[in-house]
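Dropping input29.txt in here (compact mmCIF, C-alpha atoms):
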```txt
# COMPACT_ATOMS: atom_id res chain seq x y z
CA MET M 2 -3.88 -1.77 17.77
CA ILE M 3 -6.57 -2.64 15.22
CA ASP M 4 -6.34 -6.24 14.05
CA ARG M 5 -9.47 -6.41 11.90
CA LEU M 6 -10.85 -4.22 9.13
CA PRO M 7 -13.92 -2.31 10.35
CA GLY M 8 -16.90 -3.12 8.12
CA ARG M 9 -15.23 -6.26 6.78
CA GLU M 10 -18.45 -8.32 6.97
CA GLN M 11 -20.16 -5.91 4.55
CA LEU M 12 -17.19 -4.85 2.40
CA LEU M 13 -15.64 -8.22 1.59
CA PRO M 14 -18.78 -9.71 -0.02
CA ALA M 15 -19.52 -6.47 -1.91
CA LEU M 16 -15.98 -6.23 -3.29
CA THR M 17 -15.87 -9.96 -4.06
CA ALA M 18 -19.06 -9.59 -6.12
CA LEU M 19 -17.63 -6.53 -7.87
CA ALA M 20 -14.42 -8.39 -8.77
CA ALA M 21 -16.44 -11.35 -10.05
CA ARG M 22 -18.59 -9.09 -12.23
CA PHE M 23 -15.72 -7.42 -14.10
CA PRO M 24 -12.90 -9.44 -15.70
CA GLY M 25 -9.51 -7.98 -14.89
CA LEU M 26 -10.28 -6.99 -11.30
CA LEU M 27 -8.35 -8.68 -8.52
CA LEU M 28 -9.38 -8.47 -4.88
CA GLU M 29 -6.52 -8.87 -2.40
CA ASP M 30 -7.46 -9.65 1.19
CA LYS M 31 -4.68 -8.33 3.41
CA GLY M 32 -6.55 -9.08 6.66
CA ILE M 33 -6.35 -5.55 8.05
CA ALA M 34 -7.02 -4.11 4.58
CA LEU M 35 -8.67 -4.94 1.28
CA ALA M 36 -7.12 -3.94 -2.04
CA LEU M 37 -8.97 -3.91 -5.34
CA HIS M 38 -6.50 -4.00 -8.24
CA TYR M 39 -7.63 -2.91 -11.69
CA ARG M 40 -4.42 -2.84 -13.75
CA GLN M 41 -6.01 -5.30 -16.19
CA ALA M 42 -9.14 -3.13 -16.46
CA PRO M 43 -7.95 0.50 -16.30
CA ARG M 44 -11.11 1.80 -17.97
CA LEU M 45 -12.98 0.99 -14.73
CA GLY M 46 -11.01 3.48 -12.60
CA GLY M 47 -13.70 6.17 -12.40
CA TYR M 48 -16.52 3.71 -11.82
CA LEU M 49 -14.55 1.91 -9.09
CA SER M 50 -13.64 5.17 -7.38
CA HIS M 51 -17.30 6.17 -7.16
CA THR M 52 -18.44 2.69 -6.10
CA ILE M 53 -15.79 2.26 -3.42
CA LYS M 54 -16.46 5.71 -1.94
CA ARG M 55 -20.13 4.74 -1.68
CA LEU M 56 -19.31 1.38 -0.05
CA VAL M 57 -16.92 2.94 2.50
CA ALA M 58 -19.15 5.92 3.39
CA PRO M 59 -20.85 4.14 6.35
CA PHE M 60 -17.43 3.44 7.90
CA PRO M 61 -15.78 6.75 8.89
CA GLU M 62 -12.90 4.92 10.55
CA LEU M 63 -11.74 3.71 7.12
CA THR M 64 -9.73 5.45 4.48
CA VAL M 65 -9.29 4.67 0.80
CA LEU M 66 -5.82 5.00 -0.69
CA LYS M 67 -5.63 5.24 -4.45
CA GLY M 68 -2.42 3.77 -5.81
CA LYS M 69 -1.25 2.62 -9.22
CA TYR M 70 -4.38 0.87 -10.49
CA VAL M 71 -5.43 -0.10 -6.98
CA PHE M 72 -7.82 1.11 -4.32
CA GLU M 73 -6.85 0.05 -0.81
CA LEU M 74 -9.43 0.17 1.99
CA LYS M 75 -7.83 0.32 5.41
CA PRO M 76 -8.26 1.75 8.89
CA HIS M 77 -6.95 5.30 9.27
CA VAL M 78 -4.30 4.09 11.71
CA ALA M 79 -2.92 1.28 9.52
CA ASN M 80 -0.18 2.23 7.09
CA LYS M 81 3.26 1.11 5.98
CA GLY M 82 4.97 3.58 8.29
CA GLU M 83 3.27 2.09 11.34
CA ALA M 84 4.11 -1.43 10.14
CA ILE M 85 7.78 -0.47 9.75
CA ALA M 86 7.82 1.06 13.23
CA ALA M 87 6.39 -2.16 14.67
CA PHE M 88 8.99 -4.29 12.87
CA MET M 89 11.83 -2.07 14.07
CA ARG M 90 10.84 -2.71 17.69
CA ILE M 91 11.36 -6.47 17.49
CA PRO M 92 14.35 -8.75 16.92
CA PRO M 93 15.99 -9.23 14.48
CA PHE M 94 15.21 -5.70 13.22
CA CYS M 95 15.71 -3.72 16.44
CA GLY M 96 18.85 -1.59 16.28
CA ARG M 97 19.39 -2.07 12.55
CA THR M 98 19.25 0.45 9.71
CA PRO M 99 16.00 0.04 7.77
CA VAL M 100 15.89 0.12 3.97
CA PHE M 101 12.60 0.67 2.17
CA LEU M 102 11.95 0.80 -1.57
CA GLY M 103 8.57 1.73 -3.01
CA ASP M 104 6.92 2.93 -6.19
CA ASP M 105 3.45 3.98 -5.11
CA VAL M 106 1.63 6.67 -3.16
CA THR M 107 0.85 4.06 -0.48
CA ASP M 108 4.61 3.85 0.19
CA GLU M 109 4.92 7.49 1.30
CA TYR M 110 4.06 6.66 4.93
CA GLY M 111 6.89 4.14 4.83
CA PHE M 112 9.34 6.67 3.41
CA GLU M 113 8.40 9.15 6.12
CA ARG M 114 9.00 6.61 8.91
CA ILE M 115 12.24 5.34 7.37
CA ASN M 116 13.52 8.93 7.23
CA GLN M 117 12.63 9.40 10.92
CA LEU M 118 14.58 6.24 11.73
CA GLY M 119 17.65 7.36 9.77
CA GLY M 120 17.29 4.60 7.19
CA LEU M 121 17.40 4.48 3.39
CA SER M 122 14.15 5.54 1.71
CA ILE M 123 14.20 4.88 -2.03
CA LYS M 124 11.49 5.87 -4.51
CA VAL M 125 11.39 3.71 -7.62
CA GLY M 126 10.16 5.63 -10.66
CA PRO M 127 8.80 9.15 -11.17
CA GLY M 128 6.57 11.26 -8.97
CA GLN M 129 6.75 13.44 -5.90
CA THR M 130 8.04 11.68 -2.84
CA LEU M 131 9.35 11.94 0.70
CA ALA M 132 12.04 9.37 -0.15
CA ARG M 133 15.60 10.64 0.12
CA TYR M 134 16.86 8.58 -2.83
CA ARG M 135 15.46 7.55 -6.20
CA LEU M 136 15.98 4.80 -8.73
CA PRO M 137 14.50 5.37 -12.19
CA ASN M 138 12.67 2.04 -12.63
CA ILE M 139 12.20 -1.54 -11.43
CA GLU M 140 15.16 -2.78 -13.47
CA ALA M 141 17.47 -0.27 -11.72
CA ALA M 142 16.06 -1.34 -8.35
CA LEU M 143 16.74 -5.01 -9.11
CA THR M 144 20.26 -4.21 -10.30
CA TRP M 145 20.93 -2.23 -7.11
CA LEU M 146 19.56 -5.03 -4.90
CA GLN M 147 21.64 -7.63 -6.75
CA SER M 148 24.76 -5.50 -6.29
CA LEU M 149 24.30 -5.76 -2.51
CA THR M 150 24.76 -9.54 -2.62
CA HIS M 151 28.14 -9.45 -4.41
```

Is it possible to express this structure as C-alpha cells?
Amino acid sequence: MIDRLPGREQLLPALTALAARFPGLLLEDKGIALALHYRQAPRLGGYLSHTIKRLVAPFPELTVLKGKYVFELKPHVANKGEAIAAFMRIPPFCGRTPVFLGDDVTDEYGFERINQLGGLSIKVGPGQTLARYRLPNIEAALTWLQSLTH
C-alpha cells in the first residue's frame, strides 16, 4: 500500500507557489494526494491543465483526475473505491451495507466499489455515472440524509 505521494518533494512546493501566484486557487494536501481547486478562478482551467501535466510528467506512477474545478494528483492505485474497500474490512464497517453519495468524476471509483459490495451508490446532480441511484442536487441529498434521522 502506498502511503506517500510519489514526487511530493517536487510537486508540493511547485503547486504551493502556483496557488500563491493566482488568487482564487486553493491547494489541498491530502497526504497521499494533492488537489488544486480553482472554483474561484475558473478562467485558469486550461492553463492549470497544461501546467499540471508538465509537472506530473516525470512521475509516471501518478495520475491526474480532473473534477469540478479541481485537479487531483494521486498515485494510480489510490482512489475512493480502494479507500471504501479498506474501510469495509475493519470494524465498525465490516459486515454493514455501505452508502456512498458523490457529485464528481472522482467519485466513480467509489460508486463502482459500492455496487460490487451491494451498497447504495447515489450520484448527486447530472452527468453519466456508475451509481445506481440519483438525487438531482445537493439540497435533495441533504433532505434525503435528514429523513434518515427521523

Legend entry - Sel. within 12 Å of pt (-16.3, -4.7, -9.8), counting all atoms listed in the file, output as a PyMOL selection string: chain M and resi 13-28+37-39+42-53+56+72

Inset, instruction - Could you please determine the separation between CA of Leu74 in chain M and CA of Ile33 in chain M in Å, to one decimal place? - result: 8.9 Å

Legend entry - Nearest to Lys124 in chain M by atom-to-atom distance, counting all atoms listed in the file, from M:Glu140, M:Glu62, M:Glu109, M:Glu73: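 So, comparing all the options, the nearest one is M:Glu109.
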
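Nearest to Gly82 in chain M of all the residues M:Ser122, M:Thr98, M:Ser148, M:Thr64 is M:Ser122, counting all atoms listed in the file.
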
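Candidate residues M:Phe94, M:Tyr110, M:Tyr134, M:Phe101 were compared for distance to Val78 in chain M, and the nearest is M:Tyr110, using only C-alpha atoms.
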
Inset, instruction - Enter the distance from CA of Gly128 in chain M to CA of Thr107 in chain M, in Å, rounded to one decimal. - result: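 Here the two named atoms are 12.5 Å from each other.
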
Inset, instruction - Name the closest residue to Arg97 in chain M among the candidates M:Ala84, M:Phe112, M:Val57, M:Leu121; distances are taken between atoms, counting all atoms listed in the file. - result: M:Leu121
